[in-house]
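These notes concern the structure reproduced below.
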Amino acid sequence: MSISRVDFCKLAAFGVAAATATPAVSEVGTLTSSYTIYGTPGLIAMPTAEAAADSELAFTYSQFGPNANGTLSFQITPRLSGSFRYAKISDFHPVVGDYFDRSFDVRYRVLNESKYFPAVSVGIRDFIGTGIYSSEYIVATKTIGDRLRVTGGLGWGRMGSYEPIGATGSRPPWNFGQGGTLNASQWFKGDFAPFAGVSYKVNDKLTLKAEYSSDAYVQEVAAGIMEHKSPLNFAVDYQVSPAIHLNAFYLAGDTIGASVVIRLNPRQPIARSGNERAPLPVKPRPSRSNTEAWSTSWISDPTNETGIRKAVGDALNKDGITLQSLALGATRAELKVDNRKFYSPAQAVGRTARILTHALPPSIETFVITLVDRGIPLSTVTMRRSDIERLEHAPATDMFQRVSIGEATPRAVRNSELAYPESRFRWALAPYMGLSFFDPASPIRADFGLKLSGSYEVAPNIFLSGSISKSIWGNLSEDSDGSSSALPPVRTQAGRYAAEGDPAISHLTASMYGRPGKNLYSRVTIGYLESMFGGVSAEVLWKPVDSQLAVGAEVAWVKQREFDQLFSFQDYSVVTGHVSAYYDFGNGFTGQLDVGRYLAGDYGATLSIDRTFDNGWKVGGFVTKTNVSAEDFGEGSFDKGIRLSIPFEWAFGTPSRGASNASLRSLSRDGGARLEVDGRLFEWVDEGHGDALASRWGKFWR
């Protein structure tokens with residue numbers, strides 16, 4: 001089971017995205033890709049060699065006979081895709097009854113379609129887990145004209161169960177143990193059978209599909225919950241909108257079913273961008289022949305500097321940017337700004353530069369703008385005012401070639417430097433939803449309630465924050481799933497925390513951020529760090545502004561909180577911590593390796609791979625392996641999962657640094673459990689560095 005908490009505004013952004021996004025057209029011909037009942041690119045039950053548009057994210061739910069499948073698929077690269085599926089087979093077992101299964105798929109398009117040759121893909125279905133859907137296949141697909149697509153292939157495993165035509169050795173039986181382990185010994189082994197199919201696009205809305213299936217549904221037939229009378233399957237695909245497809249199908253000469261597919265693509269915003277207030281136009285300076293206007297005598301009058309600070313601060317504040325310091329010279333202005341509104345740091349820099357052309361005397365030619373977050377200077381952008389005046393209507397890349405981006409002065413902003421003080425106390429009262437996934441007794445549980453949160457800025461880099469939640473309705477407390485292993489129950493008593501923690505102090509912390517030296521960043525957080533643990537966490541990060549590599553270390557001493565989530569603690573305490581390395585592989589791909597000790601006292605490592613898009617979308621996966629055996633870990637064998645982050649700016653078209661975040665674990669167990677601390681350094685430091693500025697520089701003039 002995994003539990004996460006989100007608020008309703010985040011869910012709304014996600015819902016809007018799901019309902020109205022417009023995916024790209026497939027690279028194969030003019031036809032768009034379609035999805036199978038198992039949520040992967042294909043026809044009905046059989047795969048094709050199709051690949052979805054690069055970066056497409058598809059959510060599929062299908063119901064046929066005793067089977068229900070929910071699948072999340074992502075086109076990781078133009079050739080590689082991956083899927084996570086959660087399935088239910090009703091009355092599958094005479095003792096346990098309904099059967100729930102989690103499985104992962106991967107497929108790779110070996111050859112792209114050309115004028116004379118088909119596309120060819122190789123795939124593995126259910127390659128890690130119990131193996132109930134375990135299959136491997138090689139498939140070819142050719143588009144004929146702009147309406148017809150023909151597919152043929154060979155399948156092994158489950159897809160080699162109907163009238164096989166040969167065999168590649170014998171397929172060894174699969175002892176999946178606790179699940180979650182690779183069944184590599186079975187891949188492309190045993191009987192193989194042919195499958196084939198066609199799809200015909202009748203019009204822009206309607207597509208007809210037919211296939212010859214090589215799946216005999218052996219296990220369902222043996223359980224008496226389904227009959228297999230024919231290898232022929234038929235389906236109708238109706239496009240409700242570019243993002244939503246409905247399918248109805250007839251399987252195995254015996255079973256009818258339906259599915260819905262919701263498709264998103266990070267590269268295509270669902271709302272028109274630029275809905276924010278237009279920026280100020282660049283104000284050109286008077287001619288140099290006006291020597292009085294270009295005079296530097298203004299600097300000798302302190303009241304001029306005071307007035308300039310107020311004018312700049314007021315104008316920036318209207319744009320959601322806070323002026324933290326401003327130093328003026330006769331020809332140079334240096335300022336620190338805290339961007340709290342724009343996802344693109346380049347857009348905040350551009351708006352700041354425009355405002356400076358209105359507020360600063362003509363003699364000031366050089367703008368030095370430092371981006372600050374949590375009182376910590378991240379990077380400094382230096383530009384010439386004359387370039388801003390000359391290139392306002394030129395492409396943003398022209399301006400990028402004339403600026404320099406470097407490391408900011410390694411010192412936190414001080415109270416005495418604040419040029420534009422504002423209210424240091426913030427609070428919010430909002431609905432929240434707590435979610436629990438994949439409990440075999442109830443696949444989805446939820447709690448709804450209200451959360452009161454607040455923060456106080458003691459200094460620009462020192463914060464007090466906390467939140468209190470009160471459940472109104474839900475069933476998270478009904479989760480009785482616990483741990484039967486010898487590990488300390490650091491995560492598996494979530495149901496008891498939900499039952500007794502009402503109301504609950506979700507967190508109550510004091511945090512201090514710093515710049516201990518060149519390319520170095522630090523954080524210390526103390527208090528009730530998360531719902532289950534409190535203590536102290538300290539972290540340091542080495543991250544040059546323009547480096548692909550970052551290295552960090554974190555250590556924490558924490559004690560387990562009482563189930564009521566108020567002020568008391570249980571007896572269990574642990575020292576936990578990790579050494580982390582982060583690397584930017586380019587094209588949006590970032591890898592992270594964390595090595596250290598986890599909450600249950602186990603030692604191991606977590607490997608994460610994320611793909612981040614210029615507009616803020618992030619899709620990734622992670623896997624954790626520790627010295628805990630599969631038997632001690634329990635079902636799933638080790639921790640693994642998928643995470644998504646969908647920015648509000650992409651969904652609504654208005655500037656925002658917020659996002660809807662979701663993390664899906666096949667199961668949450670005690671092994672490999674990491675402390676949850678808000679404000680970990682790399683998460684926000686990287687957003688203010690050179691790569692983020694460069695990749696989103698297209699919004700400099702927006």
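Starting from 1 in every chain, residues are counted up; chains themselves are A, B, ... following the order of the structure tokens, and ligands are numbered from 1 as listed.
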Mind the document's chain letters and residue numbers, and return as a PDB file with C-alpha atoms, in the first residue's frame the residues of stretch 100-205 of chain A that DSSP labels strand (DSSP E).
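That gives us out.pdb:
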ATOM      1  CA  PHE A 100      -5.257  -8.542  -7.719  1.00  0.00           C
ATOM      2  CA  ASP A 101      -2.054  -8.197  -9.690  1.00  0.00           C
ATOM      3  CA  ARG A 102       0.522  -5.502 -10.420  1.00  0.00           C
ATOM      4  CA  SER A 103       2.691  -5.792 -13.489  1.00  0.00           C
ATOM      5  CA  PHE A 104       5.159  -3.829 -15.616  1.00  0.00           C
ATOM      6  CA  ASP A 105       5.666  -3.888 -19.406  1.00  0.00           C
ATOM      7  CA  VAL A 106       8.419  -2.555 -21.642  1.00  0.00           C
ATOM      8  CA  ARG A 107       8.651  -2.360 -25.445  1.00  0.00           C
ATOM      9  CA  TYR A 108      11.186  -1.054 -27.944  1.00  0.00           C
ATOM     10  CA  ARG A 109      10.633  -0.147 -31.589  1.00  0.00           C
ATOM     11  CA  VAL A 110      13.603  -1.666 -33.396  1.00  0.00           C
ATOM     12  CA  LEU A 111      12.742  -0.330 -36.868  1.00  0.00           C
ATOM     13  CA  ALA A 119       7.804  -0.865 -38.266  1.00  0.00           C
ATOM     14  CA  VAL A 120       9.131  -3.625 -35.996  1.00  0.00           C
ATOM     15  CA  SER A 121       8.893  -3.714 -32.202  1.00  0.00           C
ATOM     16  CA  VAL A 122       9.981  -6.120 -29.472  1.00  0.00           C
ATOM     17  CA  GLY A 123       8.171  -6.200 -26.137  1.00  0.00           C
ATOM     18  CA  ILE A 124       7.929  -7.954 -22.782  1.00  0.00           C
ATOM     19  CA  ARG A 125       4.670  -7.956 -20.846  1.00  0.00           C
ATOM     20  CA  SER A 135       4.427 -12.684 -22.516  1.00  0.00           C
ATOM     21  CA  GLU A 136       7.090 -11.706 -25.013  1.00  0.00           C
ATOM     22  CA  TYR A 137       6.560 -10.767 -28.624  1.00  0.00           C
ATOM     23  CA  ILE A 138       8.033  -9.577 -31.912  1.00  0.00           C
ATOM     24  CA  VAL A 139       5.601  -7.647 -34.075  1.00  0.00           C
ATOM     25  CA  ALA A 140       5.579  -5.778 -37.399  1.00  0.00           C
ATOM     26  CA  THR A 141       3.072  -3.134 -38.532  1.00  0.00           C
ATOM     27  CA  LYS A 142       2.613  -1.480 -41.938  1.00  0.00           C
ATOM     28  CA  THR A 143       0.395   1.469 -42.795  1.00  0.00           C
ATOM     29  CA  ILE A 144      -1.323   1.281 -46.187  1.00  0.00           C
ATOM     30  CA  LEU A 148      -5.531   1.003 -43.143  1.00  0.00           C
ATOM     31  CA  ARG A 149      -2.932  -0.552 -40.852  1.00  0.00           C
ATOM     32  CA  VAL A 150      -1.907  -4.228 -40.922  1.00  0.00           C
ATOM     33  CA  THR A 151      -0.074  -6.118 -38.158  1.00  0.00           C
ATOM     34  CA  GLY A 152       1.496  -9.547 -37.724  1.00  0.00           C
ATOM     35  CA  GLY A 153       3.716 -11.082 -35.069  1.00  0.00           C
ATOM     36  CA  LEU A 154       4.837 -13.963 -32.888  1.00  0.00           C
ATOM     37  CA  GLY A 155       4.150 -14.304 -29.176  1.00  0.00           C
ATOM     38  CA  TRP A 156       5.608 -16.391 -26.356  1.00  0.00           C
ATOM     39  CA  GLY A 157       4.241 -17.185 -22.909  1.00  0.00           C
ATOM     40  CA  GLY A 166       6.932 -24.010 -32.774  1.00  0.00           C
ATOM     41  CA  ALA A 167       9.068 -23.667 -29.672  1.00  0.00           C
ATOM     42  CA  THR A 168      12.382 -22.155 -28.597  1.00  0.00           C
ATOM     43  CA  GLY A 190       8.830 -22.204 -24.899  1.00  0.00           C
ATOM     44  CA  ASP A 191       5.979 -22.343 -27.409  1.00  0.00           C
ATOM     45  CA  PHE A 192       5.396 -19.451 -29.769  1.00  0.00           C
ATOM     46  CA  ALA A 193       2.267 -18.692 -31.768  1.00  0.00           C
ATOM     47  CA  PRO A 194       1.290 -16.226 -34.513  1.00  0.00           C
ATOM     48  CA  PHE A 195      -1.089 -13.306 -34.149  1.00  0.00           C
ATOM     49  CA  ALA A 196      -2.331 -10.751 -36.654  1.00  0.00           C
ATOM     50  CA  GLY A 197      -4.772  -7.904 -37.060  1.00  0.00           C
ATOM     51  CA  VAL A 198      -6.000  -4.900 -38.986  1.00  0.00           C
ATOM     52  CA  SER A 199      -7.386  -1.489 -38.146  1.00  0.00           C
ATOM     53  CA  TYR A 200      -9.362   0.747 -40.507  1.00  0.00           C
ATOM     54  CA  LYS A 201     -10.053   4.406 -39.893  1.00  0.00           C
TER      55      LYS A 201
END
Write out as a count of residues only the residues lying within 6 Å of A:Ile526, counting only C-alpha atoms and excluding same-chain residues fewer than 5 positions away.
4
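The shortest atom-to-atom distance to A:Gly160, with only C-alpha atoms taken into account, belongs to A:Met46 out of A:Leu664, A:Val260, A:Met46, A:Leu529.
Near stretch 619-621 of chain A, within 7 Å and counting only C-alpha atoms, sit Ser608, Ile609, Asp610, Arg611, Thr612, Gly641, Ile642, Arg643, Leu644 and Ser645 of chain A, not including residues fewer than 3 positions from it in the same chain.
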Can I get the selected residues back with N, CA, C and O atoms, as a compact mmCIF listing (two decimals), in the first residue's frame?
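result.txt, written as the output of this step:
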# COMPACT_ATOMS: atom_id res chain seq x y z
N SER A 608 16.93 6.47 -9.30
CA SER A 608 15.79 7.15 -9.89
C SER A 608 16.19 7.70 -11.26
O SER A 608 17.29 8.21 -11.43
N ILE A 609 15.26 7.61 -12.20
CA ILE A 609 15.43 8.23 -13.51
C ILE A 609 14.18 9.06 -13.78
O ILE A 609 13.05 8.55 -13.73
N ASP A 610 14.38 10.36 -14.06
CA ASP A 610 13.26 11.25 -14.33
C ASP A 610 13.48 11.93 -15.67
O ASP A 610 14.61 12.26 -16.05
N ARG A 611 12.37 12.17 -16.37
CA ARG A 611 12.43 13.00 -17.57
C ARG A 611 11.64 14.27 -17.28
O ARG A 611 10.44 14.22 -17.00
N THR A 612 12.32 15.41 -17.33
CA THR A 612 11.71 16.70 -17.06
C THR A 612 11.62 17.50 -18.35
O THR A 612 12.61 17.62 -19.08
N GLY A 641 8.55 2.18 -7.89
CA GLY A 641 7.36 2.94 -8.20
C GLY A 641 7.56 3.92 -9.33
O GLY A 641 8.63 4.02 -9.94
N ILE A 642 6.50 4.67 -9.61
CA ILE A 642 6.45 5.67 -10.67
C ILE A 642 6.00 6.98 -10.05
O ILE A 642 5.18 6.99 -9.13
N ARG A 643 6.53 8.11 -10.55
CA ARG A 643 6.09 9.39 -10.04
C ARG A 643 5.84 10.36 -11.19
O ARG A 643 6.49 10.31 -12.23
N LEU A 644 4.85 11.23 -10.97
CA LEU A 644 4.43 12.21 -11.97
C LEU A 644 4.35 13.58 -11.32
O LEU A 644 3.99 13.70 -10.14
N SER A 645 4.64 14.61 -12.10
CA SER A 645 4.44 15.98 -11.65
C SER A 645 3.91 16.77 -12.84
O SER A 645 4.56 16.86 -13.88
Spatial neighbours of A:Phe700, 9 Å, only C-alpha atoms, chain gap at least 6 places, as a PyMOL selection string:
chain A and resi 344-351+396+399-400
